[in-house]
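Participant: Input structure_29.csv, format and content: CSV, C-alpha atoms.
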```
chain,number,residue,atom,x,y,z
J,681,MET,CA,-13.3,0.3,4.4
J,682,PHE,CA,-13.5,-3.5,4.4
J,683,TYR,CA,-11.2,-4.0,7.4
J,684,ALA,CA,-11.8,-6.9,9.7
J,685,LYS,CA,-14.6,-6.7,12.2
J,686,ARG,CA,-13.5,-10.0,13.7
J,687,ILE,CA,-10.4,-12.2,13.5
J,688,ILE,CA,-10.1,-16.0,13.4
J,689,PHE,CA,-7.0,-17.4,15.0
J,690,ALA,CA,-6.1,-20.9,16.0
J,691,ALA,CA,-4.4,-20.1,19.3
J,692,ILE,CA,-4.1,-17.4,22.0
J,693,VAL,CA,-0.8,-16.7,23.6
J,694,ALA,CA,-0.3,-16.2,27.4
J,695,ALA,CA,-1.8,-13.0,28.9
J,696,SER,CA,0.6,-10.2,29.7
J,697,PRO,CA,0.4,-8.1,32.9
J,698,ALA,CA,-1.6,-4.9,32.8
J,699,VAL,CA,0.4,-1.8,32.0
J,700,HIS,CA,-0.9,1.6,33.2
J,701,ALA,CA,1.9,4.0,32.2
J,702,GLN,CA,1.6,5.9,28.9
J,703,THR,CA,3.4,4.2,26.0
J,704,SER,CA,4.7,6.1,23.0
J,705,LEU,CA,5.1,4.3,19.7
J,706,THR,CA,6.8,5.6,16.6
J,707,GLY,CA,6.4,4.4,13.0
J,708,ALA,CA,7.7,5.6,9.7
J,709,GLY,CA,7.6,4.8,6.0
J,710,SER,CA,4.9,4.4,3.3
J,711,SER,CA,3.1,7.6,2.5
J,712,ALA,CA,0.2,5.5,1.1
J,713,ALA,CA,-0.4,4.0,4.5
J,714,GLU,CA,-0.4,7.3,6.4
J,715,ILE,CA,-4.2,7.7,6.5
J,716,LEU,CA,-4.6,4.1,7.7
J,717,TYR,CA,-2.2,4.3,10.6
J,718,THR,CA,-3.0,7.8,11.7
J,719,SER,CA,-6.7,7.1,11.7
J,720,MET,CA,-6.2,3.8,13.6
J,721,ALA,CA,-3.9,5.5,16.1
J,722,SER,CA,-6.4,8.3,16.8
J,723,ALA,CA,-9.1,5.7,17.6
J,724,TYR,CA,-6.8,3.4,19.4
J,725,SER,CA,-5.6,6.1,21.8
J,726,LYS,CA,-9.1,6.5,23.1
J,727,SER,CA,-9.2,3.0,24.5
J,728,SER,CA,-5.5,2.3,25.3
J,729,ASN,CA,-2.5,3.8,27.0
J,730,VAL,CA,-0.6,4.1,23.7
J,731,ASN,CA,0.2,7.4,21.9
J,732,LEU,CA,1.4,6.6,18.3
J,733,SER,CA,3.2,9.0,16.0
J,734,TYR,CA,3.7,8.2,12.3
J,735,GLN,CA,6.2,9.9,10.0
J,736,SER,CA,5.1,9.7,6.4
J,737,SER,CA,8.2,9.5,4.2
J,738,SER,CA,8.7,6.5,1.8
J,739,SER,CA,8.8,2.8,1.9
J,740,THR,CA,12.5,2.6,1.6
J,741,GLU,CA,12.9,5.1,4.4
J,742,GLY,CA,10.6,3.1,6.6
J,743,VAL,CA,12.5,-0.1,5.9
J,744,GLN,CA,15.8,1.6,6.7
J,745,GLN,CA,14.6,3.2,9.9
J,746,VAL,CA,13.3,-0.1,11.4
J,747,LYS,CA,16.5,-1.9,10.3
J,748,ASN,CA,18.5,0.7,12.3
J,749,ARG,CA,16.0,0.4,15.2
J,750,LYS,CA,15.2,4.1,14.9
J,751,VAL,CA,11.4,3.5,15.0
J,752,ASP,CA,9.2,0.8,16.6
J,753,PHE,CA,7.8,-0.2,13.3
J,754,GLY,CA,8.4,0.5,9.6
J,755,ALA,CA,5.8,0.6,6.8
J,756,THR,CA,6.3,-0.4,3.2
J,757,ASP,CA,4.1,-1.2,0.2
J,758,VAL,CA,6.2,-4.2,-0.9
J,759,ALA,CA,6.9,-7.3,1.2
J,760,LEU,CA,10.5,-7.8,2.3
J,761,SER,CA,12.3,-10.7,0.8
J,762,ALA,CA,13.3,-13.7,3.0
J,763,ASP,CA,16.9,-12.5,2.8
J,764,GLU,CA,16.1,-9.0,3.9
J,765,ARG,CA,14.0,-10.3,6.8
J,766,LYS,CA,16.8,-12.7,7.9
J,767,ALA,CA,19.6,-10.1,7.6
J,768,GLY,CA,17.7,-7.4,9.5
J,769,LYS,CA,16.1,-9.8,12.0
J,770,LEU,CA,12.7,-8.5,11.0
J,771,LEU,CA,9.1,-9.7,10.6
J,772,CYS,CA,7.1,-8.2,7.8
J,773,PHE,CA,3.3,-8.7,7.4
J,774,PRO,CA,0.5,-7.0,5.5
J,775,THR,CA,-2.1,-4.8,7.3
J,776,ALA,CA,-4.5,-3.9,4.5
J,777,VAL,CA,-5.0,-3.9,0.7
J,778,SER,CA,-5.7,-1.0,-1.6
J,779,GLY,CA,-4.6,0.1,-5.1
J,780,ILE,CA,-2.4,2.4,-7.2
J,781,VAL,CA,-4.2,4.7,-9.6
J,782,PRO,CA,-3.2,6.7,-12.6
J,783,VAL,CA,-4.6,10.3,-12.2
J,784,PHE,CA,-4.6,13.2,-14.6
J,785,ASN,CA,-5.3,16.9,-15.0
J,786,LEU,CA,-6.9,17.3,-18.4
J,787,PRO,CA,-9.3,20.2,-19.1
J,788,GLY,CA,-12.5,19.0,-20.6
J,789,VAL,CA,-12.1,15.3,-19.5
J,790,SER,CA,-13.8,14.2,-16.4
J,791,SER,CA,-12.8,11.6,-13.8
J,792,GLY,CA,-13.3,8.0,-15.1
J,793,GLN,CA,-13.8,9.2,-18.7
J,794,LEU,CA,-10.3,8.5,-19.8
J,795,LYS,CA,-9.5,4.9,-20.8
J,796,LEU,CA,-6.0,3.5,-20.8
J,797,THR,CA,-4.3,0.2,-21.1
J,798,GLY,CA,-1.1,-1.0,-19.5
J,799,GLU,CA,0.7,-0.8,-22.8
J,800,VAL,CA,-0.3,2.8,-23.5
J,801,LEU,CA,0.4,3.8,-19.9
J,802,ALA,CA,3.9,2.3,-20.3
J,803,GLU,CA,4.5,4.4,-23.5
J,804,ILE,CA,3.3,7.5,-21.7
J,805,PHE,CA,5.6,7.1,-18.8
J,806,SER,CA,8.5,6.1,-21.0
J,807,ARG,CA,7.9,9.3,-23.0
J,808,LYS,CA,7.1,7.5,-26.3
J,809,ILE,CA,3.7,9.1,-26.2
J,810,THR,CA,4.0,12.8,-25.5
J,811,LYS,CA,0.6,14.4,-26.6
J,812,TRP,CA,-2.8,13.7,-25.2
J,813,ASN,CA,-4.3,13.5,-28.7
J,814,ASP,CA,-1.9,10.9,-29.8
J,815,PRO,CA,-3.6,8.3,-32.0
J,816,LYS,CA,-3.0,5.5,-29.6
J,817,VAL,CA,-4.7,7.4,-26.8
J,818,GLN,CA,-7.5,8.6,-29.1
J,819,ALA,CA,-8.2,5.1,-30.3
J,820,LEU,CA,-9.0,4.0,-26.7
J,821,ASN,CA,-11.3,7.0,-26.2
J,822,PRO,CA,-13.6,7.5,-29.2
J,823,GLY,CA,-15.9,10.4,-28.7
J,824,VAL,CA,-13.7,12.0,-26.1
J,825,ALA,CA,-12.3,15.4,-27.1
J,826,LEU,CA,-8.7,15.0,-26.1
J,827,PRO,CA,-6.8,18.3,-26.2
J,828,ALA,CA,-3.5,18.7,-28.1
J,829,LEU,CA,-1.7,19.3,-24.9
J,830,PRO,CA,1.8,18.0,-24.1
J,831,ILE,CA,1.7,15.2,-21.5
J,832,THR,CA,3.6,16.2,-18.3
J,833,VAL,CA,4.7,12.9,-16.6
J,834,VAL,CA,4.9,13.3,-12.8
J,835,THR,CA,7.2,10.7,-11.2
J,836,ARG,CA,8.5,9.9,-7.7
J,837,GLN,CA,12.2,10.7,-7.2
J,838,ASP,CA,12.3,9.0,-3.7
J,839,GLY,CA,12.3,5.2,-3.1
J,840,SER,CA,8.6,4.3,-3.1
J,841,GLY,CA,6.5,1.2,-2.7
J,842,THR,CA,3.9,2.9,-4.8
J,843,THR,CA,6.5,3.2,-7.6
J,844,TYR,CA,7.5,-0.5,-7.1
J,845,ASN,CA,3.9,-1.7,-7.6
J,846,PHE,CA,3.2,0.7,-10.5
J,847,SER,CA,6.4,-0.3,-12.3
J,848,ASP,CA,5.6,-4.0,-11.6
J,849,TYR,CA,2.3,-3.6,-13.4
J,850,LEU,CA,4.0,-1.8,-16.4
J,851,SER,CA,6.5,-4.6,-16.6
J,852,LYS,CA,3.7,-7.1,-16.8
J,853,SER,CA,2.0,-5.0,-19.5
J,854,SER,CA,4.9,-4.1,-21.7
J,855,ALA,CA,8.0,-6.1,-22.7
J,856,ASP,CA,9.7,-2.9,-23.7
J,857,TRP,CA,9.1,-1.4,-20.3
J,858,LYS,CA,10.4,-4.5,-18.6
J,859,ALA,CA,13.5,-4.5,-20.6
J,860,SER,CA,14.2,-0.8,-20.3
J,861,TYR,CA,13.0,0.1,-16.8
J,862,GLY,CA,11.8,-3.0,-14.9
J,863,SER,CA,10.2,-2.8,-11.5
J,864,ASN,CA,11.9,-1.2,-8.4
J,865,TYR,CA,11.4,1.3,-5.6
J,866,SER,CA,13.2,3.9,-7.7
J,867,ILE,CA,13.2,4.1,-11.5
J,868,ALA,CA,15.7,5.8,-13.9
J,869,TRP,CA,12.8,7.7,-15.5
J,870,ALA,CA,13.0,8.9,-19.1
J,871,ALA,CA,14.3,12.4,-19.7
J,872,GLY,CA,11.6,15.1,-19.6
J,873,THR,CA,9.6,13.7,-16.6
J,874,MET,CA,8.8,15.9,-13.5
J,875,PRO,CA,10.3,14.2,-10.5
J,876,VAL,CA,8.8,15.0,-7.1
J,877,LYS,CA,9.1,13.7,-3.6
J,878,GLY,CA,6.3,11.8,-1.9
J,879,SER,CA,2.7,11.2,-2.8
J,880,SER,CA,1.8,14.7,-1.5
J,881,GLY,CA,4.3,16.1,-3.9
J,882,ALA,CA,2.8,14.2,-6.8
J,883,VAL,CA,-0.7,15.5,-5.9
J,884,ALA,CA,0.5,19.1,-5.7
J,885,ALA,CA,2.3,18.9,-9.0
J,886,LEU,CA,-0.6,17.3,-10.7
J,887,LYS,CA,-3.1,19.9,-9.5
J,888,GLN,CA,-0.8,22.8,-10.7
J,889,THR,CA,-0.1,21.4,-14.1
J,890,PRO,CA,-2.7,21.1,-16.9
J,891,GLY,CA,-1.9,18.1,-19.0
J,892,ALA,CA,-0.2,16.2,-16.2
J,893,ILE,CA,-0.5,12.5,-15.3
J,894,ALA,CA,0.8,10.9,-12.1
J,895,TYR,CA,0.2,7.7,-10.1
J,896,VAL,CA,-0.8,7.7,-6.4
J,897,ASP,CA,-2.4,5.4,-3.9
J,898,PHE,CA,-6.2,5.4,-4.0
J,899,GLN,CA,-6.4,7.2,-0.6
J,900,TYR,CA,-5.0,10.3,-2.3
J,901,VAL,CA,-7.6,10.1,-5.1
J,902,ALA,CA,-10.5,10.1,-2.7
J,903,LYS,CA,-9.0,12.7,-0.3
J,904,ASN,CA,-8.0,15.2,-3.0
J,905,LYS,CA,-10.9,14.5,-5.5
J,906,LEU,CA,-8.4,13.7,-8.3
J,907,SER,CA,-9.5,12.6,-11.8
J,908,PHE,CA,-8.6,9.0,-12.4
J,909,ALA,CA,-8.3,6.9,-15.5
J,910,THR,CA,-10.0,3.6,-16.0
J,911,LEU,CA,-7.8,0.7,-16.9
J,912,LYS,CA,-8.2,-2.4,-19.1
J,913,ASN,CA,-7.7,-5.4,-16.8
J,914,ARG,CA,-6.4,-8.9,-17.5
J,915,ASP,CA,-9.9,-10.0,-18.4
J,916,GLY,CA,-10.2,-7.2,-21.0
J,917,LYS,CA,-12.7,-5.1,-19.0
J,918,PHE,CA,-12.2,-1.4,-18.3
J,919,VAL,CA,-12.6,-0.9,-14.6
J,920,SER,CA,-12.5,1.9,-12.0
J,921,PRO,CA,-10.5,1.8,-8.8
J,922,THR,CA,-12.8,0.6,-6.0
J,923,GLY,CA,-12.7,-1.5,-2.9
J,924,ALA,CA,-14.6,-4.2,-4.7
J,925,GLY,CA,-11.9,-4.2,-7.5
J,926,PHE,CA,-9.1,-4.5,-4.9
J,927,LEU,CA,-11.0,-7.4,-3.2
J,928,SER,CA,-11.5,-9.1,-6.6
J,929,ALA,CA,-7.7,-9.0,-7.3
J,930,MET,CA,-6.9,-10.4,-3.9
J,931,ASN,CA,-9.5,-13.1,-4.1
J,932,ASN,CA,-8.0,-14.2,-7.5
J,933,SER,CA,-4.5,-14.5,-5.9
J,934,GLY,CA,-2.5,-16.8,-3.7
J,935,TRP,CA,-3.5,-14.6,-0.8
J,936,ALA,CA,-7.0,-16.1,-0.7
J,937,SER,CA,-6.1,-19.6,-1.6
J,938,LYS,CA,-3.0,-20.2,0.5
J,939,ALA,CA,-2.2,-17.1,2.5
J,940,ALA,CA,0.8,-16.3,0.2
J,941,TYR,CA,0.9,-12.7,1.1
J,942,GLU,CA,4.4,-12.2,-0.5
J,943,GLU,CA,2.7,-12.4,-3.9
J,944,MET,CA,2.3,-9.2,-5.9
J,945,LEU,CA,-1.4,-8.3,-6.5
J,946,THR,CA,-0.9,-6.6,-9.9
J,947,ASP,CA,-2.5,-7.8,-13.1
J,948,LYS,CA,-4.7,-10.5,-11.5
J,949,PRO,CA,-7.6,-12.2,-13.3
J,950,GLY,CA,-11.2,-11.4,-12.6
J,951,ALA,CA,-13.7,-9.3,-14.5
J,952,GLY,CA,-13.9,-6.7,-11.8
J,953,SER,CA,-10.2,-6.8,-10.6
J,954,TRP,CA,-8.3,-3.5,-10.4
J,955,PRO,CA,-5.0,-4.2,-12.3
J,956,ILE,CA,-2.7,-2.3,-9.9
J,957,THR,CA,-3.9,-3.6,-6.6
J,958,ALA,CA,-1.3,-3.5,-3.8
J,959,SER,CA,-0.9,-4.1,-0.1
J,960,THR,CA,0.8,-2.1,2.7
J,961,TYR,CA,3.0,-3.9,5.1
J,962,ALA,CA,4.2,-3.3,8.7
J,963,ILE,CA,7.7,-4.3,9.8
J,964,VAL,CA,8.7,-5.0,13.4
J,965,PRO,CA,11.8,-6.6,14.9
J,966,GLN,CA,11.9,-10.4,14.9
J,967,VAL,CA,14.4,-10.1,17.7
J,968,SER,CA,13.5,-7.1,19.9
J,969,ASN,CA,15.9,-5.0,22.0
J,970,THR,CA,12.9,-3.1,23.3
J,971,PRO,CA,10.3,-5.8,24.0
J,972,ASP,CA,7.8,-3.5,25.7
J,973,LYS,CA,7.6,-1.3,22.6
J,974,THR,CA,7.4,-4.3,20.3
J,975,VAL,CA,4.6,-5.8,22.4
J,976,ALA,CA,2.8,-2.4,22.2
J,977,ALA,CA,3.2,-2.4,18.4
J,978,ILE,CA,1.9,-6.0,18.1
J,979,LYS,CA,-1.2,-5.1,20.2
J,980,PHE,CA,-1.8,-2.1,18.0
J,981,PHE,CA,-1.8,-4.0,14.8
J,982,THR,CA,-3.8,-6.9,16.3
J,983,TRP,CA,-6.4,-4.4,17.5
J,984,GLY,CA,-6.5,-3.0,14.0
J,985,PHE,CA,-7.4,-6.4,12.6
J,986,VAL,CA,-10.2,-6.8,15.2
J,987,HIS,CA,-11.7,-3.3,15.2
J,988,GLY,CA,-10.4,-1.7,12.0
J,989,ASP,CA,-13.8,-1.0,10.4
J,990,ASP,CA,-14.9,1.2,13.3
J,991,ALA,CA,-11.4,2.8,13.6
J,992,VAL,CA,-10.8,4.2,10.2
J,993,GLY,CA,-14.2,4.5,8.6
J,994,ASN,CA,-14.5,4.7,4.8
J,995,THR,CA,-10.9,4.7,3.7
J,996,ALA,CA,-11.4,2.0,1.1
J,997,PHE,CA,-8.7,-0.3,2.4
J,998,VAL,CA,-9.7,-4.0,2.0
J,999,ARG,CA,-9.6,-6.4,4.9
J,1000,LEU,CA,-7.2,-9.3,4.8
J,1001,PRO,CA,-8.6,-12.9,4.4
J,1002,ASP,CA,-9.0,-14.9,7.6
J,1003,ASN,CA,-6.3,-17.3,6.6
J,1004,VAL,CA,-3.8,-14.4,6.1
J,1005,GLN,CA,-4.7,-13.0,9.5
J,1006,GLY,CA,-4.2,-16.4,11.0
J,1007,ARG,CA,-0.8,-16.7,9.4
J,1008,ILE,CA,0.2,-13.3,10.7
J,1009,PHE,CA,-0.9,-14.1,14.3
J,1010,GLY,CA,1.1,-17.2,14.2
J,1011,GLU,CA,4.2,-15.3,13.0
J,1012,LEU,CA,3.8,-12.6,15.7
J,1013,THR,CA,4.0,-15.3,18.4
J,1014,THR,CA,7.5,-16.2,17.2
J,1015,ILE,CA,9.0,-12.7,18.1
J,1016,THR,CA,11.6,-12.9,20.9
J,1017,ASP,CA,13.6,-10.6,23.0
J,1018,SER,CA,17.4,-10.4,22.7
J,1019,ALA,CA,17.8,-13.3,25.0
J,1020,GLY,CA,15.7,-15.5,22.8
J,1021,ALA,CA,12.6,-15.6,25.1
J,1022,PRO,CA,9.2,-15.3,23.3
J,1023,LEU,CA,7.5,-12.0,24.0
J,1024,LYS,CA,4.5,-12.2,26.4
J,1025,TRP,CA,1.3,-10.5,25.2
J,1026,SER,CA,-2.3,-11.2,25.0
J,1027,LEU,CA,-4.8,-11.3,22.1
J,1028,THR,CA,-7.5,-10.9,24.7
J,1029,ASP,CA,-6.4,-7.4,25.4
J,1030,ALA,CA,-7.0,-6.4,21.8
J,1031,LEU,CA,-10.4,-8.1,21.7
J,1032,LYS,CA,-11.5,-6.1,24.7
J,1033,MET,CA,-10.4,-2.7,23.2
J,1034,ARG,CA,-13.4,-0.7,21.9
```
Just dump the structure as structure tokens.
Facilitator:
Amino acid sequence: MFYAKRIIFAAIVAASPAVHAQTSLTGAGSSAAEILYTSMASAYSKSSNVNLSYQSSSSTEGVQQVKNRKVDFGATDVALSADERKAGKLLCFPTAVSGIVPVFNLPGVSSGQLKLTGEVLAEIFSRKITKWNDPKVQALNPGVALPALPITVVTRQDGSGTTYNFSDYLSKSSADWKASYGSNYSIAWAAGTMPVKGSSGAVAALKQTPGAIAYVDFQYVAKNKLSFATLKNRDGKFVSPTGAGFLSAMNNSGWASKAAYEEMLTDKPGAGSWPITASTYAIVPQVSNTPDKTVAAIKFFTWGFVHGDDAVGNTAFVRLPDNVQGRIFGELTTITDSAGAPLKWSLTDALKMR
């Protein structure tokens, strides 16, 4: 976990009064972010009066629930557009960076042994390549005994930020994919795929199906000991999914140079960059009808920036650059209540939490 041990901000807003009553927070959305927020919540509850529950569903569900003010914050793996933020009176900001990983269940082939390119991956997921010993796959893997098994393509049927980032990468890798499928939360997959709901569904289907391939967030790879494919990145290097690879992609993007965190992190340059790097985002009301709850959510995320390393341990999320954290803090101070008054809260409270 490369989460922030400290945070650099230009200003501190006015201190809020102490609150002693138990506060309950609810969040919902991205399944990829579940381990991040539940681990943080467990640690945070030991040093605060906040009890947080998180419902893992999908990015689109998280966006919809916070738009309808059914939860205190939503979670998505794709930044909301300016139009979406304006229409929903929402603020969207990143909380950490990780990666999407192609995973497989292939007898006789070990994790990291299978090499793929974006072009070949696009042909597999569009069902143009249907056997593991296809010449295009074999050409990338000389010396690997690829079985003559049919490829079972496991896909997400729900609206997913993981799918958005994965399909964005395929669109950048293959003109045919871009023209036929494009990038979106939901894809009209080719006939013959195995649609499942949620990342957990993808993991279960993969484990039960020899010859299967799927795509999941890196957290599921580590947690479930899944076999992953190495990918050829933009610099022509075959790389494995690692925190260092996610960090390299972010450092070769507008995130590091100008805090442009709306920018997709797929297919970035850098010899060590993982080509399907992605972020997870939190969404809170820009205009809050429940200011106490929104202040509690703000403090939770600010505490995460400050103490995240200690909170979640080795979950391989990458910390945000200081300039991104600074931009986020500035934007959090613009949140108002329904009467237009800025919310009162204190960064000092988060700094004191241990």
Participant: Considering all atoms listed in the file, state which residue in the set J:Gly754, J:Pro815, J:Gly1020, J:Pro955 is at the smallest distance from Thr706 of chain J.
Facilitator: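 Using all atoms listed in the file, the shortest distance to Thr706 of chain J belongs to J:Gly754.
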Participant: Contacts of Ala958 of chain J at 12 Å or less, counting only C-alpha atoms, minus same-chain residues fewer than 2 places along, as a PDB file with C-alpha atoms, in the coordinates of the input?
Facilitator:
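As a result, out33.pdb now contains:
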```pdb
ATOM      1  CA  ALA J 712       0.200   5.500   1.100  1.00  0.00           C
ATOM      2  CA  ALA J 713      -0.400   4.000   4.500  1.00  0.00           C
ATOM      3  CA  THR J 756       6.300  -0.400   3.200  1.00  0.00           C
ATOM      4  CA  ASP J 757       4.100  -1.200   0.200  1.00  0.00           C
ATOM      5  CA  VAL J 758       6.200  -4.200  -0.900  1.00  0.00           C
ATOM      6  CA  ALA J 759       6.900  -7.300   1.200  1.00  0.00           C
ATOM      7  CA  PRO J 774       0.500  -7.000   5.500  1.00  0.00           C
ATOM      8  CA  THR J 775      -2.100  -4.800   7.300  1.00  0.00           C
ATOM      9  CA  ALA J 776      -4.500  -3.900   4.500  1.00  0.00           C
ATOM     10  CA  VAL J 777      -5.000  -3.900   0.700  1.00  0.00           C
ATOM     11  CA  SER J 778      -5.700  -1.000  -1.600  1.00  0.00           C
ATOM     12  CA  GLY J 779      -4.600   0.100  -5.100  1.00  0.00           C
ATOM     13  CA  ILE J 780      -2.400   2.400  -7.200  1.00  0.00           C
ATOM     14  CA  VAL J 781      -4.200   4.700  -9.600  1.00  0.00           C
ATOM     15  CA  GLY J 841       6.500   1.200  -2.700  1.00  0.00           C
ATOM     16  CA  THR J 842       3.900   2.900  -4.800  1.00  0.00           C
ATOM     17  CA  THR J 843       6.500   3.200  -7.600  1.00  0.00           C
ATOM     18  CA  TYR J 844       7.500  -0.500  -7.100  1.00  0.00           C
ATOM     19  CA  ASN J 845       3.900  -1.700  -7.600  1.00  0.00           C
ATOM     20  CA  PHE J 846       3.200   0.700 -10.500  1.00  0.00           C
ATOM     21  CA  SER J 847       6.400  -0.300 -12.300  1.00  0.00           C
ATOM     22  CA  ASP J 848       5.600  -4.000 -11.600  1.00  0.00           C
ATOM     23  CA  TYR J 849       2.300  -3.600 -13.400  1.00  0.00           C
ATOM     24  CA  VAL J 896      -0.800   7.700  -6.400  1.00  0.00           C
ATOM     25  CA  ASP J 897      -2.400   5.400  -3.900  1.00  0.00           C
ATOM     26  CA  PHE J 898      -6.200   5.400  -4.000  1.00  0.00           C
ATOM     27  CA  PRO J 921     -10.500   1.800  -8.800  1.00  0.00           C
ATOM     28  CA  GLY J 923     -12.700  -1.500  -2.900  1.00  0.00           C
ATOM     29  CA  GLY J 925     -11.900  -4.200  -7.500  1.00  0.00           C
ATOM     30  CA  PHE J 926      -9.100  -4.500  -4.900  1.00  0.00           C
ATOM     31  CA  LEU J 927     -11.000  -7.400  -3.200  1.00  0.00           C
ATOM     32  CA  SER J 928     -11.500  -9.100  -6.600  1.00  0.00           C
ATOM     33  CA  ALA J 929      -7.700  -9.000  -7.300  1.00  0.00           C
ATOM     34  CA  MET J 930      -6.900 -10.400  -3.900  1.00  0.00           C
ATOM     35  CA  SER J 933      -4.500 -14.500  -5.900  1.00  0.00           C
ATOM     36  CA  TRP J 935      -3.500 -14.600  -0.800  1.00  0.00           C
ATOM     37  CA  TYR J 941       0.900 -12.700   1.100  1.00  0.00           C
ATOM     38  CA  GLU J 942       4.400 -12.200  -0.500  1.00  0.00           C
ATOM     39  CA  GLU J 943       2.700 -12.400  -3.900  1.00  0.00           C
ATOM     40  CA  MET J 944       2.300  -9.200  -5.900  1.00  0.00           C
ATOM     41  CA  LEU J 945      -1.400  -8.300  -6.500  1.00  0.00           C
ATOM     42  CA  THR J 946      -0.900  -6.600  -9.900  1.00  0.00           C
ATOM     43  CA  ASP J 947      -2.500  -7.800 -13.100  1.00  0.00           C
ATOM     44  CA  LYS J 948      -4.700 -10.500 -11.500  1.00  0.00           C
ATOM     45  CA  SER J 953     -10.200  -6.800 -10.600  1.00  0.00           C
ATOM     46  CA  TRP J 954      -8.300  -3.500 -10.400  1.00  0.00           C
ATOM     47  CA  PRO J 955      -5.000  -4.200 -12.300  1.00  0.00           C
ATOM     48  CA  ILE J 956      -2.700  -2.300  -9.900  1.00  0.00           C
ATOM     49  CA  THR J 960       0.800  -2.100   2.700  1.00  0.00           C
ATOM     50  CA  TYR J 961       3.000  -3.900   5.100  1.00  0.00           C
ATOM     51  CA  PHE J 997      -8.700  -0.300   2.400  1.00  0.00           C
ATOM     52  CA  VAL J 998      -9.700  -4.000   2.000  1.00  0.00           C
ATOM     53  CA  LEU J1000      -7.200  -9.300   4.800  1.00  0.00           C
TER      54      LEU J1000
END
```
Participant: Find the residue from J:Ser710, J:Ser866, J:Thr797, J:Gln1005 that sits nearest to Lys938 of chain J; use only C-alpha atoms when measuring.
Facilitator: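 Residue with the minimum atom-to-atom distance to Lys938 of chain J: J:Gln1005.
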Participant: Leaving out Trp812 of chain J and any residue of its chain fewer than 3 positions from it, which residues lie within 8 Å of it when counting all atoms listed in the file, given as a ChimeraX atom specification?
Facilitator: /J:817-818,826-831,891
Participant: Which one of J:Gly1006, J:Gly709, J:Ser727, J:Asn785 sits closest to His987 of chain J if you count all atoms listed in the file?
Facilitator: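 Closest candidate: J:Ser727.
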Participant: Which one is closest to Lys808 of chain J: J:Glu764, J:Gln793, J:Thr873, J:Gln745? Count all atoms listed in the file.
Facilitator: J:Thr873
Participant: For atom CA of Glu1011 of chain J and atom CA of Phe753 of chain J, quote the distance in Å rounded to one decimal.
Facilitator: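 According to the coordinates, atom CA of Glu1011 of chain J and atom CA of Phe753 of chain J are separated by 15.5 Å.
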Participant: To one decimal place, how far is atom CA of Ser761 of chain J from atom CA of Tyr900 of chain J in Å?
Facilitator: 27.4 Å
Participant: Can you work out the spacing between atom CA of Ala977 of chain J and atom CA of Ser937 of chain J in Å, to one decimal?
Facilitator: 28.0 Å
Participant: Given all atoms listed in the file as the basis, pick out the residue of J:Gly862, J:Pro949, J:Gly707, J:Pro875 nearest to Val833 of chain J.
Facilitator: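 That would be J:Pro875, the residue with the smallest distance to Val833 of chain J.
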Participant: Please identify all polymer residues lying at most 7 Å from the point (-3.0, 11.1, 15.8) (file coordinates), using all atoms listed in the file, and present the result as a list in words.
Facilitator: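 The answer, in the requested form, is Thr718, Ser719, Ala721, Ser722, Leu732 and Ser733 of chain J.
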Participant: Let me make sure I understand: among J:Leu771, J:Leu886, J:Leu820, J:Ile893, which one has the smallest atom-to-atom distance to Arg807 of chain J if we use only C-alpha atoms?
Facilitator: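 Smallest distance to Arg807 of chain J is found for J:Ile893.
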